[in-house]
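What follows is a set of notes on a single structure, which appears directly below.
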Amino acid sequence: MDDTAIMQQVQRGQFTLFEELVRRYRGALRRVAESKLGDRSLAEDAVQETFLAVFAGRQSFDPRFSFRTWLWTILLNRCRKRLKRDAWRRRETPLSVCGECEWSELADPAAEQTGLARLLVAEQHERLHAMLEELPEVQADALRLRFFGGLKFQEIADAMESSLGGAKLRVRQGLTALAGLLQRDDSDADVEDESHDV
């Protein structure tokens, strides 16, 4: 059953089917929220709030429109509200340094990870998160939706209320900016290495 059909059944009172939507989207929503909020527990809260809002607003869902777009729009709005409300907590704790790192895209998920491997992956995530923080919010969010959420360009456009061309431009500009930040960081690291060798 596709998302729209499930939501229509939920609207008719088949509430247990809602668990399937939670199963389908929880991981991707959490990855985007954690990237945006920089904190695992805040991300979990934002995802739970998103699902609660979707369930509470189930009767307002219009099956003529994409469920995914509606869901991602709600998540982005919840994250923005959390950022404003919890600004003092941001970046107090590092992202996913624990052994249950959820960002396995940067490592081979089939491989058993050692403690060192987990730390290296966590360091990469920290670096990526810090770079995304340096981008304009619309570019960073477009990248999060595309690469952490797996959304298509039209879905990004709908979720961010932009044109299709605007969504593609935001992703392209974000990738270009990230490449520049990586190059800057690599140059800074080379300079540090040379100063240690002297």
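In the structure tokens, chains take letters A, B, ... by order of appearance, with residues numbered from 1 within each chain and ligands from 1 in the order shown.
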Rows by chain and residue number, stretch 1-89 of chain A within 10 Å of stretch 160-166 of chain A, shortest pair, only C-alpha atoms, as a tab-separated table:
residue	atom	partner	partner_atom	distance
A:Thr69	CA	A:Met160	CA	8.8
A:Trp72	CA	A:Met160	CA	8.8
A:Thr73	CA	A:Met160	CA	6.9
A:Leu76	CA	A:Met160	CA	8.5
A:Asn77	CA	A:Met160	CA	9.9
Those same residues - C-alpha atoms - I'd like them written as a PDB file, in the first residue's frame.
ATOM      1  CA  THR A  69       5.936  16.530   0.863  1.00  0.00           C
ATOM      2  CA  TRP A  72       8.864  16.726   5.254  1.00  0.00           C
ATOM      3  CA  THR A  73       7.355  20.212   5.439  1.00  0.00           C
ATOM      4  CA  LEU A  76      11.356  21.214   8.709  1.00  0.00           C
ATOM      5  CA  ASN A  77       8.899  23.474  10.540  1.00  0.00           C
TER       6      ASN A  77
END
Residues at most 10 Å from A:Glu134, counting only C-alpha atoms, excluding those fewer than 6 positions away in the same chain, as an mmCIF file with C-alpha atoms, in the first residue's frame?
data_model
loop_
_atom_site.group_PDB
_atom_site.id
_atom_site.type_symbol
_atom_site.label_atom_id
_atom_site.label_comp_id
_atom_site.auth_asym_id
_atom_site.auth_seq_id
_atom_site.Cartn_x
_atom_site.Cartn_y
_atom_site.Cartn_z
ATOM 1 C CA ALA A 140 21.693 23.247 3.870
ATOM 2 C CA ALA A 177 29.786 25.696 -1.216
ATOM 3 C CA LEU A 178 30.543 22.415 0.584
ATOM 4 C CA LEU A 181 34.621 24.483 2.571
#
Name the residues in contact with A:Gly174 at a cut-off of 9 Å, using only C-alpha atoms, excluding same-chain residues fewer than 2 positions from it; report them as a list in words.
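Answer for this query is Leu132, Leu135, Pro136, Val138, Gln139, Ala140, Ala142, Leu143, Leu169, Arg170, Val171, Arg172, Thr176, Ala177, Leu178 and Ala179 of chain A.
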Near A:Gly27, counting only C-alpha atoms, which residues have an atom at most 10 Å away, once you skip same-chain residues fewer than 2 positions from it, shown as an MDAnalysis selection string?
chainID A and resid 22:25 29:33 44 47 102:103 148:149
Which residues are near A:Ala53? Cut-off 12 Å, only C-alpha atoms, ignore same chain within fewer than 2 positions. Put them as a PyMOL selection string.
chain A and resi 46-51+55-61+70-75+77-78
Any chance you can output those residues with N, CA and C atoms as a PDB file, in the first residue's frame?
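Contents of part21.pdb, freshly written:
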ATOM      1  N   ALA A  46      11.948  16.064  17.735  1.00  0.00           N
ATOM      2  CA  ALA A  46      11.367  16.696  16.538  1.00  0.00           C
ATOM      3  C   ALA A  46      10.649  15.672  15.668  1.00  0.00           C
ATOM      4  N   VAL A  47      11.221  14.480  15.553  1.00  0.00           N
ATOM      5  CA  VAL A  47      10.591  13.426  14.750  1.00  0.00           C
ATOM      6  C   VAL A  47       9.287  12.977  15.409  1.00  0.00           C
ATOM      7  N   GLN A  48       9.315  12.791  16.722  1.00  0.00           N
ATOM      8  CA  GLN A  48       8.085  12.401  17.419  1.00  0.00           C
ATOM      9  C   GLN A  48       7.015  13.478  17.279  1.00  0.00           C
ATOM     10  N   GLU A  49       7.406  14.746  17.430  1.00  0.00           N
ATOM     11  CA  GLU A  49       6.460  15.849  17.258  1.00  0.00           C
ATOM     12  C   GLU A  49       5.887  15.861  15.844  1.00  0.00           C
ATOM     13  N   THR A  50       6.740  15.531  14.876  1.00  0.00           N
ATOM     14  CA  THR A  50       6.283  15.493  13.483  1.00  0.00           C
ATOM     15  C   THR A  50       5.214  14.432  13.300  1.00  0.00           C
ATOM     16  N   PHE A  51       5.470  13.219  13.793  1.00  0.00           N
ATOM     17  CA  PHE A  51       4.483  12.154  13.652  1.00  0.00           C
ATOM     18  C   PHE A  51       3.203  12.469  14.429  1.00  0.00           C
ATOM     19  N   PHE A  55      -0.429  12.766  12.704  1.00  0.00           N
ATOM     20  CA  PHE A  55      -1.578  11.988  13.166  1.00  0.00           C
ATOM     21  C   PHE A  55      -2.715  12.909  13.604  1.00  0.00           C
ATOM     22  N   ALA A  56      -2.362  13.950  14.363  1.00  0.00           N
ATOM     23  CA  ALA A  56      -3.401  14.879  14.834  1.00  0.00           C
ATOM     24  C   ALA A  56      -4.087  15.587  13.664  1.00  0.00           C
ATOM     25  N   GLY A  57      -3.309  15.855  12.607  1.00  0.00           N
ATOM     26  CA  GLY A  57      -3.861  16.557  11.454  1.00  0.00           C
ATOM     27  C   GLY A  57      -4.288  15.644  10.327  1.00  0.00           C
ATOM     28  N   ARG A  58      -4.480  14.363  10.628  1.00  0.00           N
ATOM     29  CA  ARG A  58      -4.759  13.370   9.582  1.00  0.00           C
ATOM     30  C   ARG A  58      -5.969  13.725   8.733  1.00  0.00           C
ATOM     31  N   GLN A  59      -6.979  14.346   9.321  1.00  0.00           N
ATOM     32  CA  GLN A  59      -8.182  14.670   8.548  1.00  0.00           C
ATOM     33  C   GLN A  59      -7.932  15.816   7.570  1.00  0.00           C
ATOM     34  N   SER A  60      -6.883  16.598   7.809  1.00  0.00           N
ATOM     35  CA  SER A  60      -6.581  17.707   6.891  1.00  0.00           C
ATOM     36  C   SER A  60      -5.734  17.256   5.698  1.00  0.00           C
ATOM     37  N   PHE A  61      -5.229  16.010   5.738  1.00  0.00           N
ATOM     38  CA  PHE A  61      -4.428  15.526   4.618  1.00  0.00           C
ATOM     39  C   PHE A  61      -5.302  15.392   3.380  1.00  0.00           C
ATOM     40  N   TRP A  70       4.146  16.688   2.481  1.00  0.00           N
ATOM     41  CA  TRP A  70       3.474  17.161   3.694  1.00  0.00           C
ATOM     42  C   TRP A  70       4.294  16.799   4.928  1.00  0.00           C
ATOM     43  N   LEU A  71       4.753  15.552   4.983  1.00  0.00           N
ATOM     44  CA  LEU A  71       5.536  15.071   6.117  1.00  0.00           C
ATOM     45  C   LEU A  71       6.838  15.859   6.272  1.00  0.00           C
ATOM     46  N   TRP A  72       7.576  16.026   5.177  1.00  0.00           N
ATOM     47  CA  TRP A  72       8.864  16.726   5.254  1.00  0.00           C
ATOM     48  C   TRP A  72       8.685  18.199   5.585  1.00  0.00           C
ATOM     49  N   THR A  73       7.625  18.814   5.098  1.00  0.00           N
ATOM     50  CA  THR A  73       7.355  20.212   5.439  1.00  0.00           C
ATOM     51  C   THR A  73       7.122  20.350   6.936  1.00  0.00           C
ATOM     52  N   ILE A  74       6.353  19.428   7.498  1.00  0.00           N
ATOM     53  CA  ILE A  74       6.099  19.458   8.947  1.00  0.00           C
ATOM     54  C   ILE A  74       7.398  19.279   9.720  1.00  0.00           C
ATOM     55  N   LEU A  75       8.251  18.332   9.288  1.00  0.00           N
ATOM     56  CA  LEU A  75       9.524  18.123   9.987  1.00  0.00           C
ATOM     57  C   LEU A  75      10.381  19.385   9.962  1.00  0.00           C
ATOM     58  N   ASN A  77       9.502  22.465   9.663  1.00  0.00           N
ATOM     59  CA  ASN A  77       8.899  23.474  10.540  1.00  0.00           C
ATOM     60  C   ASN A  77       9.141  23.155  12.006  1.00  0.00           C
ATOM     61  N   ARG A  78       9.031  21.881  12.374  1.00  0.00           N
ATOM     62  CA  ARG A  78       9.296  21.475  13.768  1.00  0.00           C
ATOM     63  C   ARG A  78      10.756  21.750  14.133  1.00  0.00           C
TER      64      ARG A  78
END
